[in-house]
Structure formats: structure tokens, C-alpha cells
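Novice: File final.txt below, compact mmCIF, C-alpha atoms and all ligand atoms:
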```txt
# COMPACT_ATOMS: atom_id res chain seq x y z
CA MET A 1 -167.67 -124.27 193.48
CA LYS A 2 -165.98 -122.29 190.72
CA PRO A 3 -168.63 -121.52 188.09
CA ILE A 4 -168.07 -122.59 184.51
CA ALA A 5 -166.77 -119.63 182.50
CA SER A 6 -169.61 -118.02 180.60
CA GLN A 7 -169.43 -117.28 176.90
CA VAL A 8 -172.10 -114.63 177.23
CA ALA A 9 -171.28 -111.55 179.27
CA GLY A 10 -173.33 -111.30 182.43
CA ILE A 11 -174.32 -114.95 182.56
CA VAL A 12 -172.79 -117.40 185.01
CA HIS A 13 -173.57 -121.08 185.25
CA ALA A 14 -174.36 -123.01 188.40
CA ALA A 15 -173.19 -126.57 188.96
CA ALA A 16 -175.70 -129.12 187.70
CA PRO A 17 -177.80 -130.83 190.40
CA TYR A 18 -176.53 -134.12 189.02
CA CYS A 19 -176.73 -136.63 191.87
CA TYR A 20 -175.28 -139.55 189.91
CA ARG A 21 -172.13 -137.50 189.22
CA CYS A 22 -172.26 -134.99 192.03
CA PRO A 23 -170.00 -132.01 191.15
CA PHE A 24 -169.13 -131.85 194.86
CA LYS A 25 -168.48 -135.59 195.19
CA LEU A 26 -171.21 -135.83 197.83
CA GLU A 27 -174.21 -138.09 198.24
CA TYR A 28 -177.86 -137.21 198.53
CA PRO A 29 -179.36 -136.58 201.10
CA SER A 30 -176.32 -136.22 203.39
CA CYS A 31 -175.01 -133.59 200.93
CA GLY A 32 -177.62 -131.16 202.29
CA VAL A 33 -178.26 -130.24 198.64
CA ALA A 34 -174.96 -128.34 198.47
CA CYS A 35 -175.53 -127.63 194.75
CA ALA A 36 -178.49 -125.39 195.67
CA ASP A 37 -176.55 -123.53 198.38
CA ASP A 38 -173.71 -123.04 195.89
CA VAL A 39 -176.01 -120.78 193.83
CA GLU A 40 -175.82 -118.27 196.70
CA GLU A 41 -172.02 -118.54 196.69
CA ILE A 42 -171.88 -117.99 192.93
CA ILE A 43 -174.12 -114.92 193.15
CA ASN A 44 -172.02 -113.49 195.98
CA THR A 45 -168.66 -114.12 194.34
CA THR A 46 -169.29 -113.60 190.63
CA THR A 47 -172.08 -111.01 190.32
CA THR A 48 -172.87 -107.62 191.80
CA GLY A 49 -175.10 -109.44 194.23
CA ASN A 50 -178.16 -108.17 192.41
CA ILE A 51 -179.30 -110.52 189.69
CA ALA A 52 -181.91 -110.29 186.95
CA ALA A 53 -182.94 -113.93 187.11
CA PHE A 54 -182.09 -117.55 187.73
CA MET A 55 -183.12 -119.71 184.78
CA ALA A 56 -183.20 -123.48 184.72
CA GLU A 57 -184.77 -126.45 183.04
CA THR A 58 -186.77 -128.46 185.57
CA ILE A 59 -185.30 -131.66 184.20
CA LEU A 60 -182.06 -131.07 182.31
CA GLY A 61 -183.04 -132.44 178.92
CA VAL A 62 -180.05 -132.45 176.58
CA GLY A 63 -177.95 -132.62 179.75
CA GLY A 64 -179.10 -136.22 180.12
CA PHE A 65 -182.49 -136.13 181.89
CA ILE A 66 -180.99 -134.99 185.17
CA ILE A 67 -183.58 -134.62 187.94
CA PRO A 68 -182.72 -132.15 190.69
CA PRO A 69 -183.49 -133.29 194.27
CA LYS A 70 -186.88 -132.19 195.67
CA GLU A 71 -185.29 -129.44 197.80
CA TYR A 72 -183.42 -127.87 194.86
CA PHE A 73 -185.96 -125.55 193.21
CA PRO A 74 -187.63 -124.25 196.37
CA ARG A 75 -184.18 -123.31 197.65
CA VAL A 76 -182.70 -121.78 194.47
CA ALA A 77 -185.90 -119.82 193.77
CA GLU A 78 -185.68 -118.37 197.28
CA ILE A 79 -181.98 -117.56 196.83
CA ALA A 80 -182.62 -115.88 193.44
CA ARG A 81 -185.48 -113.80 194.88
CA SER A 82 -183.45 -112.79 197.92
CA HIS A 83 -180.96 -111.27 195.45
CA GLY A 84 -183.65 -109.37 193.56
CA GLY A 85 -183.94 -111.95 190.78
CA LEU A 86 -186.82 -113.72 189.09
CA PHE A 87 -187.10 -117.48 188.80
CA ILE A 88 -187.54 -118.56 185.16
CA SER A 89 -188.52 -122.14 184.45
CA ASP A 90 -187.51 -123.42 180.99
CA GLU A 91 -190.22 -125.92 180.17
CA VAL A 92 -189.38 -126.51 176.52
CA GLN A 93 -188.94 -130.22 177.15
CA ALA A 94 -190.60 -130.93 180.49
CA ALA A 95 -194.02 -129.33 179.87
CA TRP A 96 -197.35 -130.47 178.45
CA GLY A 97 -197.66 -133.57 180.60
CA ARG A 98 -194.39 -135.20 179.65
CA THR A 99 -193.34 -135.70 183.27
CA GLY A 100 -196.67 -137.31 184.19
CA ASP A 101 -199.83 -135.87 185.78
CA LYS A 102 -198.69 -132.24 185.80
CA TRP A 103 -198.78 -129.77 182.94
CA PHE A 104 -195.33 -128.38 183.81
CA GLY A 105 -192.28 -130.05 185.25
CA ILE A 106 -191.82 -127.40 187.91
CA GLU A 107 -195.16 -128.32 189.49
CA HIS A 108 -193.49 -131.46 190.89
CA TRP A 109 -191.28 -129.19 193.00
CA GLY A 110 -194.20 -127.02 194.20
CA VAL A 111 -192.59 -123.74 193.13
CA GLU A 112 -194.40 -121.00 191.23
CA PRO A 113 -192.01 -119.43 188.70
CA ASP A 114 -192.14 -115.75 187.72
CA ILE A 115 -191.74 -116.67 184.06
CA ILE A 116 -192.21 -119.95 182.15
CA THR A 117 -190.94 -120.53 178.63
CA SER A 118 -192.08 -123.47 176.55
CA ALA A 119 -192.41 -124.87 173.03
CA LYS A 120 -192.00 -128.31 171.38
CA GLY A 121 -194.73 -130.61 172.81
CA MET A 122 -197.26 -127.78 172.72
CA GLY A 123 -197.23 -127.84 168.92
CA ASN A 124 -196.86 -131.60 168.51
CA GLY A 125 -194.43 -130.91 165.65
CA VAL A 126 -195.84 -127.58 164.46
CA PRO A 127 -193.55 -124.61 165.24
CA ILE A 128 -194.79 -122.68 168.25
CA GLY A 129 -193.09 -121.15 171.27
CA TRP A 130 -194.56 -119.39 174.26
CA THR A 131 -193.68 -117.34 177.32
CA ILE A 132 -195.95 -116.53 180.25
CA ALA A 133 -195.25 -114.42 183.29
CA THR A 134 -196.98 -113.30 186.43
CA PRO A 135 -199.05 -110.11 185.87
CA GLU A 136 -196.47 -108.19 187.90
CA VAL A 137 -193.62 -109.21 185.60
CA ALA A 138 -195.62 -108.94 182.36
CA ASP A 139 -196.91 -105.46 183.20
CA ALA A 140 -193.38 -104.27 183.95
CA PHE A 141 -192.21 -105.14 180.43
CA PRO A 142 -191.30 -101.83 178.80
CA GLY A 143 -192.47 -100.80 175.31
CA LEU A 144 -193.61 -102.82 172.37
CA THR A 145 -192.73 -106.43 171.59
CA PHE A 146 -193.34 -108.09 168.25
CA SER A 147 -191.96 -110.83 166.01
CA THR A 148 -192.38 -111.87 162.37
CA PHE A 149 -194.06 -115.15 163.22
CA GLY A 150 -195.69 -114.11 166.49
CA GLY A 151 -199.39 -114.96 166.80
CA ASN A 152 -199.43 -117.19 163.72
CA PRO A 153 -203.08 -118.30 163.57
CA VAL A 154 -202.34 -121.82 162.28
CA SER A 155 -199.74 -122.50 164.98
CA SER A 156 -202.04 -121.00 167.61
CA ALA A 157 -204.94 -123.24 166.51
CA VAL A 158 -202.65 -126.28 166.66
CA GLY A 159 -201.41 -125.30 170.12
CA LEU A 160 -204.98 -125.07 171.39
CA ALA A 161 -205.93 -128.38 169.76
CA VAL A 162 -202.95 -130.12 171.35
CA ILE A 163 -203.85 -128.81 174.79
CA ASN A 164 -207.45 -129.98 174.32
CA VAL A 165 -206.40 -133.48 173.24
CA ILE A 166 -203.99 -133.81 176.18
CA GLU A 167 -206.85 -132.85 178.50
CA GLU A 168 -209.64 -134.89 176.88
CA ASP A 169 -207.60 -138.07 176.40
CA ASN A 170 -206.04 -137.92 179.90
CA LEU A 171 -202.57 -137.98 178.38
CA ARG A 172 -200.89 -136.54 181.45
CA GLU A 173 -202.15 -139.53 183.43
CA ASN A 174 -201.14 -141.85 180.60
CA ALA A 175 -197.61 -140.40 180.73
CA ARG A 176 -197.45 -141.27 184.43
CA VAL A 177 -198.95 -144.76 184.15
CA VAL A 178 -197.07 -145.90 181.04
CA GLY A 179 -193.99 -144.00 182.23
CA ASP A 180 -193.99 -145.97 185.49
CA TYR A 181 -194.21 -149.17 183.48
CA LEU A 182 -191.29 -148.07 181.27
CA LEU A 183 -189.27 -147.17 184.36
CA GLN A 184 -189.83 -150.68 185.75
CA ARG A 185 -188.78 -152.23 182.45
CA MET A 186 -185.65 -150.06 182.39
CA LEU A 187 -184.76 -151.08 185.93
CA GLU A 188 -185.06 -154.71 184.79
CA LEU A 189 -182.58 -153.89 182.02
CA LYS A 190 -180.27 -152.44 184.66
CA GLU A 191 -180.37 -155.74 186.56
CA LYS A 192 -179.32 -157.52 183.42
CA HIS A 193 -176.77 -155.18 181.80
CA ARG A 194 -173.72 -154.09 183.78
CA ILE A 195 -173.08 -151.16 181.44
CA ILE A 196 -176.19 -149.41 182.76
CA GLY A 197 -174.97 -147.08 185.48
CA ASP A 198 -178.18 -145.18 186.14
CA VAL A 199 -181.85 -145.16 185.17
CA ARG A 200 -183.76 -141.96 185.88
CA GLY A 201 -186.54 -139.68 184.84
CA MET A 202 -190.18 -138.84 185.36
CA GLY A 203 -193.27 -139.78 183.40
CA LEU A 204 -192.30 -140.35 179.79
CA MET A 205 -189.02 -138.46 180.10
CA LEU A 206 -186.79 -141.39 181.01
CA GLY A 207 -183.11 -142.00 180.38
CA ILE A 208 -180.44 -144.66 180.80
CA GLU A 209 -176.83 -143.66 181.50
CA LEU A 210 -174.21 -146.07 180.13
CA VAL A 211 -170.85 -146.55 181.82
CA LYS A 212 -167.78 -148.70 181.23
CA ASP A 213 -167.63 -149.61 184.90
CA ARG A 214 -170.26 -149.13 187.61
CA GLN A 215 -167.58 -148.36 190.20
CA THR A 216 -165.60 -145.73 188.29
CA LYS A 217 -168.68 -144.53 186.34
CA GLU A 218 -166.47 -143.90 183.31
CA PRO A 219 -168.89 -142.72 180.58
CA ASN A 220 -169.55 -145.12 177.70
CA PRO A 221 -170.67 -143.06 174.67
CA GLN A 222 -169.44 -145.79 172.29
CA ALA A 223 -171.99 -148.22 173.72
CA VAL A 224 -174.80 -145.72 173.08
CA LEU A 225 -173.82 -145.63 169.40
CA ARG A 226 -173.67 -149.43 169.29
CA VAL A 227 -177.13 -149.71 170.88
CA PHE A 228 -178.52 -147.14 168.44
CA GLU A 229 -177.26 -149.07 165.42
CA GLU A 230 -179.20 -152.09 166.65
CA THR A 231 -182.40 -150.22 167.65
CA LYS A 232 -182.36 -148.38 164.31
CA ARG A 233 -182.03 -151.71 162.52
CA GLN A 234 -185.22 -152.75 164.31
CA GLY A 235 -187.05 -149.56 163.35
CA VAL A 236 -186.88 -148.00 166.81
CA LEU A 237 -185.45 -144.48 166.95
CA ILE A 238 -184.16 -143.21 170.30
CA GLY A 239 -182.40 -140.01 171.37
CA LYS A 240 -179.18 -139.41 173.26
CA GLY A 241 -177.73 -136.73 175.47
CA GLY A 242 -175.62 -136.07 178.53
CA LEU A 243 -172.43 -134.13 178.96
CA TYR A 244 -170.50 -137.13 177.62
CA GLY A 245 -173.08 -138.32 175.06
CA ASN A 246 -173.57 -141.47 177.12
CA VAL A 247 -177.25 -141.13 178.05
CA ILE A 248 -180.00 -142.87 176.10
CA ARG A 249 -182.98 -140.53 176.22
CA THR A 250 -186.47 -141.80 175.53
CA GLY A 251 -189.31 -139.41 174.83
CA MET A 252 -192.20 -141.58 173.72
CA MET A 253 -195.48 -140.03 172.56
CA LEU A 254 -197.82 -139.11 175.40
CA ASN A 255 -200.47 -141.50 174.07
CA THR A 256 -198.05 -144.41 173.90
CA THR A 257 -198.95 -147.87 175.21
CA THR A 258 -197.30 -150.60 177.25
CA GLU A 259 -197.08 -152.65 174.01
CA SER A 260 -194.97 -149.91 172.40
CA VAL A 261 -192.85 -149.77 175.54
CA ASP A 262 -192.26 -153.53 175.32
CA ARG A 263 -191.18 -153.19 171.71
CA MET A 264 -188.71 -150.43 172.54
CA VAL A 265 -187.35 -152.26 175.60
CA GLU A 266 -186.86 -155.40 173.53
CA ALA A 267 -184.87 -153.41 170.96
CA LEU A 268 -182.81 -151.81 173.73
CA ASP A 269 -182.22 -155.20 175.33
CA ARG A 270 -180.82 -156.62 172.10
CA GLY A 271 -178.65 -153.56 171.54
CA LEU A 272 -177.29 -153.66 175.09
CA SER A 273 -176.55 -157.38 174.77
CA LEU A 274 -174.18 -156.56 171.91
CA CYS A 275 -172.12 -154.31 174.21
CA GLN A 276 -171.17 -156.89 176.84
C1 LIG A 301 -184.77 -127.08 177.17
C2 LIG A 301 -184.75 -126.24 175.93
N1 LIG A 301 -184.83 -124.91 176.07
C3 LIG A 301 -184.85 -124.10 174.97
C4 LIG A 301 -184.77 -124.63 173.70
C5 LIG A 301 -184.84 -123.71 172.55
O1 LIG A 301 -186.16 -123.67 172.09
P1 LIG A 301 -186.53 -122.95 170.73
O2 LIG A 301 -185.86 -123.71 169.64
O3 LIG A 301 -188.03 -123.06 170.65
O4 LIG A 301 -186.05 -121.55 170.85
C6 LIG A 301 -184.66 -125.99 173.51
C7 LIG A 301 -184.57 -126.54 172.15
O5 LIG A 301 -184.24 -127.63 171.88
C8 LIG A 301 -184.66 -126.83 174.67
O6 LIG A 301 -184.58 -128.17 174.55
```
Represent the structure contained in this file as C-alpha cells.
Specialist:
Amino acid sequence: MKPIASQVAGIVHAAAPYCYRCPFKLEYPSCGVACADDVEEIINTTTTGNIAAFMAETILGVGGFIIPPKEYFPRVAEIARSHGGLFISDEVQAAWGRTGDKWFGIEHWGVEPDIITSAKGMGNGVPIGWTIATPEVADAFPGLTFSTFGGNPVSSAVGLAVINVIEEDNLRENARVVGDYLLQRMLELKEKHRIIGDVRGMGLMLGIELVKDRQTKEPNPQAVLRVFEETKRQGVLIGKGGLYGNVIRTGMMLNTTTESVDRMVEALDRGLSLCQ
């Protein structure tokens, strides 16, 4: 597939592993995960053949909570490495237990990245960002690195406290258990509302894609705005995303409860009913 033109020299983009709207118009699993194999094609046709790295979010967050098939990351990491590149996992959204049970999203695919970047959930609202690498990669970093806010003691103390609370209160497990419940409730909404084209996600990173027609899958961003007006009126704030702005993205707190889920689902249900 022709890669999307990059706005930054030296960076090319691979097709999204977006099964609901497959860029190759194929279906999983008979597609053979063509989107992963295409990474090889892109490297061969648009780079020198020697790459620095392949970088990806494990679940495409702003992209609309897109979950790559289970074969995707093992295969693209192998392709990147066979071309001299590192595999960098962007865990800004998918880390810290959000996807249920695991600390990092990439653990669900059983791949060990060379570098992981993360932020957001680690600070629970306090600004902190973080990068770790294998000793081999970290030791190869040339010279000095520093930043104005690097090593801020308050942010560091908060980061540690957040990690401890996630561990002590079993919040990764809670994300899986309550997330499974939310997923069930969302699938019930899908039974009821024809404008729901897809429900997907992991743990407490779950989204609903709205369409005008289930057959044509024409995106329905207007319905998302309509739903949001209603949920806001009920004091429930929800996020959106997706290439077309037609995905309702829920990112409930890791210590959330089934009662809070019911309240949100009820608000969504009323909002969706207004879009029929
Ligand atoms: C997946 C992902 N990666 C990277 C970033 C950028 O993170 P930061 O603002 O900490 O640089 C964001 C921010 O929203 C993000 O969602």
C-alpha cells in the first residue's frame, strides 16, 4: 500500500491495523494480517532499507481505540529488527493497567520492545513523562541528556505513589473485571442502536464507533456530538476520537465500579436514543 505522505523528513507511516475499516479491504483472519506484511513493503520501497525504528501505539488511542490483531506486533517487530531497526512502543495511553491485568499494552502481544515511552496515567494528572530502554539501547545513547523539568522530585514522588496504589489496590485486575462488564454493556447498546457500527477495546480503554449505516459504514461524527450534548447534560463527560471523529472513547478511572459503568451506559443509551 502507498504510505501516507510524511510531513517530517525521514518518517513514513504504515497503514493502520484497523480491522473494522481494513485499508486493504480484507477481512481478518483470511487477510493473513496483510497490514503487518505491508510494513516490509514500505521499508523496501520508501526507505534505504535500513531503518532507525518502528514506533507504534499498542492501541491507537486518538485514532479511535484501534486494536491490532494478535499477530501484528510480533510480525512488525521482527520486520523492523530485520532491517536494523528498534521497536518502540508508545504507551502514553495504554500503560499503567488501563488495558487490564498488564502494566503495558504491548504485554498482551507478548513482544518485548527496545524502548517504551509513557506518561499520562503514571502521574494521575500530575505532569510526568518517561522513557525506558533495554540496557543495550540505553548504553548506546551518546553524550549528555538533560531537560528543564527532568527529574522533578514532586512529579517523581507522585509517579511512585501512583504505581504503588495501582499495585496495592489491584487496579490492573479491576480494569479487566470492570472493563469486561463495560464491554458487555456496550455490546447490549449495539444490539439496541443501529448507529453503533463497532464496539472494541481492552480493559478500561473501550470505544464505540458510530456509523450512518452498518452496511456502508459511513462515519457518523454528528451523532457523537449529539450523544455528547446529552451525556454532558447528565453530568457524564466522555471523549471522542477516530480518523473521522466518529468514535466515542471511554477512559474511566482504574478504580471505577460497575455502578459508575451503569450510570455512564444509561447516559449513553439516552444520548443514542436521540439519534435514531
Ligand atoms: C499516544 C500518545 N503518545 C504521545 C503523546 C504525547 O505525550 P506528551 O504530551 O507527554 O509528550 C500523547 C499525548 O496525548 C499520546 O496520546
Novice: Is it possible to get the axis-aligned box enclosing ligand LIG 301 (chain A) (all listed atoms, 8 Å extra per side) as lines of an AutoDock Vina configuration file, with centre and edge lengths in Å rounded to one decimal?
Specialist:
```
center_x = -186.1
center_y = -124.9
center_z = 173.4
size_x = 19.8
size_y = 22.6
size_z = 23.5
```
Novice: Within 9 Å of ligand LIG 301 (chain A), counting all atoms listed in the file, which protein or nucleic acid residues do you find, written as a VMD selection string?
Specialist: chain A and resid 56 to 62 90 to 94 117 to 120 127 to 130
Novice: Provide the CA of Leu86 (chain A) to CA of Glu112 (chain A) distance in Å, to one decimal place.
Specialist: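 Atom-to-atom, CA of Leu86 (chain A) and CA of Glu112 (chain A) are spaced 10.7 Å apart.
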Novice: CA of Met253 (chain A) to CA of Phe87 (chain A): how many Å, to one decimal?
Specialist: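 About the pair CA of Met253 (chain A) and CA of Phe87 (chain A): they are 29.0 Å apart.
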Novice: Excluding region 158-167 of chain A and residues on its chain fewer than 3 positions from it, collect all residues at most 10 Å away from it, counting only C-alpha atoms, and give them as a PyMOL selection string.
Specialist: chain A and resi 96-97+103+119-130+153-155+170-174+254-255
Novice: For Ile88 (chain A), please output as a list in words all residues within 12 Å (counting only C-alpha atoms; exclusion window: fewer than 4 positions along the same chain).
Specialist: Ala52, Ala53, Phe54, Met55, Ala56, Glu57, Thr58, Phe73, Val76, Ala77, Ala80, Arg81, Val92, Ile106, Val111, Glu112, Pro113, Asp114, Ile115, Ile116, Thr117, Ser118, Thr131, Ile132, Ala133, Thr134 and Val137 of chain A
Novice: In Å, rounded to a single decimal, give me how far CA of Asn246 (chain A) is from CA of Pro221 (chain A).
Specialist: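 Straight-line distance from CA of Pro221 (chain A) to CA of Asn246 (chain A) works out to 4.1 Å.
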Novice: Which one is closest to Asp180 (chain A): A:Val236, A:Met202, A:Ile66, A:Ala223? Count only C-alpha atoms.
Specialist: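 That would be A:Met202, the residue with the smallest distance to Asp180 (chain A).
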Novice: Would you kindly return, as a PyMOL selection string, each protein, DNA or RNA residue with an atom no farther than 12 Å from any atom of region 21-28 of chain A, considering only C-alpha atoms and excluding same-chain residues fewer than 4 positions away?
Specialist: chain A and resi 1-4+14-17+32-38+64+66-72+197-198+209+211+214-219+242-244
Novice: Give me the residues within 7 Å of Ile195 (chain A) as a VMD selection string, counting only C-alpha atoms and dropping any in the same chain fewer than 6 places off.
Specialist: chain A and resid 210 to 213
Novice: Please produce a file of those selected residues containing C-alpha atoms, as a compact mmCIF listing (two decimals), in the frame of the given file.
Specialist:
```
# COMPACT_ATOMS: atom_id res chain seq x y z
CA LEU A 210 -174.21 -146.07 180.13
CA VAL A 211 -170.85 -146.55 181.82
CA LYS A 212 -167.78 -148.70 181.23
CA ASP A 213 -167.63 -149.61 184.90
```
Novice: Which polymer residues, whether protein, DNA or RNA, lie within 12 Å of the coordinate (-191.3, -150.6, 170.7) when you count all atoms listed in the file? List them as JSON, numbers by chain, using the chain letters and numbers from the file.
Specialist: {"A": [182, 231, 232, 234, 235, 236, 237, 238, 250, 252, 253, 256, 257, 258, 259, 260, 261, 262, 263, 264, 265, 266, 267, 268, 269]}
Novice: Excluding same-chain residues fewer than 4 positions from Leu187 (chain A), what lies within 7 Å of it counting only C-alpha atoms, as an MDAnalysis selection string?
Specialist: chainID A and resid 183 191 199
Novice: Let me see the file: selected residues, C-alpha atoms, as a PDB file, in the frame of the given file.
Specialist:
```pdb
ATOM      1  CA  LEU A 183    -189.270-147.170 184.360  1.00  0.00           C
ATOM      2  CA  GLU A 191    -180.370-155.740 186.560  1.00  0.00           C
ATOM      3  CA  VAL A 199    -181.850-145.160 185.170  1.00  0.00           C
TER       4      VAL A 199
END
```
Novice: As a PDB file, keeping the file's coordinate frame, please: region 81-107 of chain A completed to N, CA and C atoms.
Specialist:
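Done, and the output landed in rebuild_31.pdb:
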```pdb
ATOM      1  N   ARG A  81    -184.590-114.920 194.500  1.00  0.00           N
ATOM      2  CA  ARG A  81    -185.480-113.800 194.880  1.00  0.00           C
ATOM      3  C   ARG A  81    -184.850-112.936 195.974  1.00  0.00           C
ATOM      4  N   SER A  82    -184.074-113.589 196.852  1.00  0.00           N
ATOM      5  CA  SER A  82    -183.450-112.790 197.920  1.00  0.00           C
ATOM      6  C   SER A  82    -182.354-111.889 197.358  1.00  0.00           C
ATOM      7  N   HIS A  83    -181.942-112.140 196.105  1.00  0.00           N
ATOM      8  CA  HIS A  83    -180.960-111.270 195.450  1.00  0.00           C
ATOM      9  C   HIS A  83    -181.625-110.425 194.361  1.00  0.00           C
ATOM     10  N   GLY A  84    -182.921-110.255 194.479  1.00  0.00           N
ATOM     11  CA  GLY A  84    -183.650-109.370 193.560  1.00  0.00           C
ATOM     12  C   GLY A  84    -183.968-109.998 192.215  1.00  0.00           C
ATOM     13  N   GLY A  85    -183.750-111.304 192.083  1.00  0.00           N
ATOM     14  CA  GLY A  85    -183.940-111.950 190.780  1.00  0.00           C
ATOM     15  C   GLY A  85    -185.271-112.668 190.643  1.00  0.00           C
ATOM     16  N   LEU A  86    -185.620-112.932 189.386  1.00  0.00           N
ATOM     17  CA  LEU A  86    -186.820-113.720 189.090  1.00  0.00           C
ATOM     18  C   LEU A  86    -186.408-115.172 188.939  1.00  0.00           C
ATOM     19  N   PHE A  87    -187.360-116.064 189.087  1.00  0.00           N
ATOM     20  CA  PHE A  87    -187.100-117.480 188.800  1.00  0.00           C
ATOM     21  C   PHE A  87    -187.805-117.830 187.478  1.00  0.00           C
ATOM     22  N   ILE A  88    -186.991-118.211 186.476  1.00  0.00           N
ATOM     23  CA  ILE A  88    -187.540-118.560 185.160  1.00  0.00           C
ATOM     24  C   ILE A  88    -187.405-120.065 184.948  1.00  0.00           C
ATOM     25  N   SER A  89    -188.528-120.700 184.670  1.00  0.00           N
ATOM     26  CA  SER A  89    -188.520-122.140 184.450  1.00  0.00           C
ATOM     27  C   SER A  89    -188.576-122.416 182.946  1.00  0.00           C
ATOM     28  N   ASP A  90    -187.537-123.052 182.411  1.00  0.00           N
ATOM     29  CA  ASP A  90    -187.510-123.420 180.990  1.00  0.00           C
ATOM     30  C   ASP A  90    -188.205-124.766 180.848  1.00  0.00           C
ATOM     31  N   GLU A  91    -189.398-124.708 180.286  1.00  0.00           N
ATOM     32  CA  GLU A  91    -190.220-125.920 180.170  1.00  0.00           C
ATOM     33  C   GLU A  91    -190.347-126.341 178.713  1.00  0.00           C
ATOM     34  N   VAL A  92    -189.300-126.126 177.933  1.00  0.00           N
ATOM     35  CA  VAL A  92    -189.380-126.510 176.520  1.00  0.00           C
ATOM     36  C   VAL A  92    -189.518-128.025 176.387  1.00  0.00           C
ATOM     37  N   GLN A  93    -188.854-128.763 177.254  1.00  0.00           N
ATOM     38  CA  GLN A  93    -188.940-130.220 177.150  1.00  0.00           C
ATOM     39  C   GLN A  93    -189.867-130.847 178.200  1.00  0.00           C
ATOM     40  N   ALA A  94    -189.923-130.242 179.368  1.00  0.00           N
ATOM     41  CA  ALA A  94    -190.600-130.930 180.490  1.00  0.00           C
ATOM     42  C   ALA A  94    -192.086-130.582 180.627  1.00  0.00           C
ATOM     43  N   ALA A  95    -192.618-129.746 179.721  1.00  0.00           N
ATOM     44  CA  ALA A  95    -194.020-129.330 179.870  1.00  0.00           C
ATOM     45  C   ALA A  95    -194.994-130.243 179.155  1.00  0.00           C
ATOM     46  N   TRP A  96    -196.249-129.858 179.203  1.00  0.00           N
ATOM     47  CA  TRP A  96    -197.350-130.470 178.450  1.00  0.00           C
ATOM     48  C   TRP A  96    -197.574-131.939 178.832  1.00  0.00           C
ATOM     49  N   GLY A  97    -197.329-132.238 180.095  1.00  0.00           N
ATOM     50  CA  GLY A  97    -197.660-133.570 180.600  1.00  0.00           C
ATOM     51  C   GLY A  97    -196.557-134.595 180.491  1.00  0.00           C
ATOM     52  N   ARG A  98    -195.460-134.224 179.876  1.00  0.00           N
ATOM     53  CA  ARG A  98    -194.390-135.200 179.650  1.00  0.00           C
ATOM     54  C   ARG A  98    -193.909-135.881 180.923  1.00  0.00           C
ATOM     55  N   THR A  99    -193.886-135.130 182.024  1.00  0.00           N
ATOM     56  CA  THR A  99    -193.340-135.700 183.270  1.00  0.00           C
ATOM     57  C   THR A  99    -194.406-136.463 184.064  1.00  0.00           C
ATOM     58  N   GLY A 100    -195.612-136.555 183.516  1.00  0.00           N
ATOM     59  CA  GLY A 100    -196.670-137.310 184.190  1.00  0.00           C
ATOM     60  C   GLY A 100    -197.510-136.457 185.123  1.00  0.00           C
ATOM     61  N   ASP A 101    -198.826-136.539 184.948  1.00  0.00           N
ATOM     62  CA  ASP A 101    -199.830-135.870 185.780  1.00  0.00           C
ATOM     63  C   ASP A 101    -199.865-134.347 185.684  1.00  0.00           C
ATOM     64  N   LYS A 102    -198.717-133.708 185.766  1.00  0.00           N
ATOM     65  CA  LYS A 102    -198.690-132.240 185.800  1.00  0.00           C
ATOM     66  C   LYS A 102    -198.519-131.663 184.398  1.00  0.00           C
ATOM     67  N   TRP A 103    -199.000-130.432 184.228  1.00  0.00           N
ATOM     68  CA  TRP A 103    -198.780-129.770 182.940  1.00  0.00           C
ATOM     69  C   TRP A 103    -197.315-129.373 182.773  1.00  0.00           C
ATOM     70  N   PHE A 104    -196.710-128.896 183.869  1.00  0.00           N
ATOM     71  CA  PHE A 104    -195.330-128.380 183.810  1.00  0.00           C
ATOM     72  C   PHE A 104    -194.449-129.120 184.798  1.00  0.00           C
ATOM     73  N   GLY A 105    -193.216-129.337 184.399  1.00  0.00           N
ATOM     74  CA  GLY A 105    -192.280-130.050 185.250  1.00  0.00           C
ATOM     75  C   GLY A 105    -192.151-129.414 186.619  1.00  0.00           C
ATOM     76  N   ILE A 106    -192.101-128.095 186.645  1.00  0.00           N
ATOM     77  CA  ILE A 106    -191.820-127.400 187.910  1.00  0.00           C
ATOM     78  C   ILE A 106    -192.896-127.653 188.958  1.00  0.00           C
ATOM     79  N   GLU A 107    -194.089-128.043 188.519  1.00  0.00           N
ATOM     80  CA  GLU A 107    -195.160-128.320 189.490  1.00  0.00           C
ATOM     81  C   GLU A 107    -194.769-129.455 190.447  1.00  0.00           C
TER      82      GLU A 107
END
```
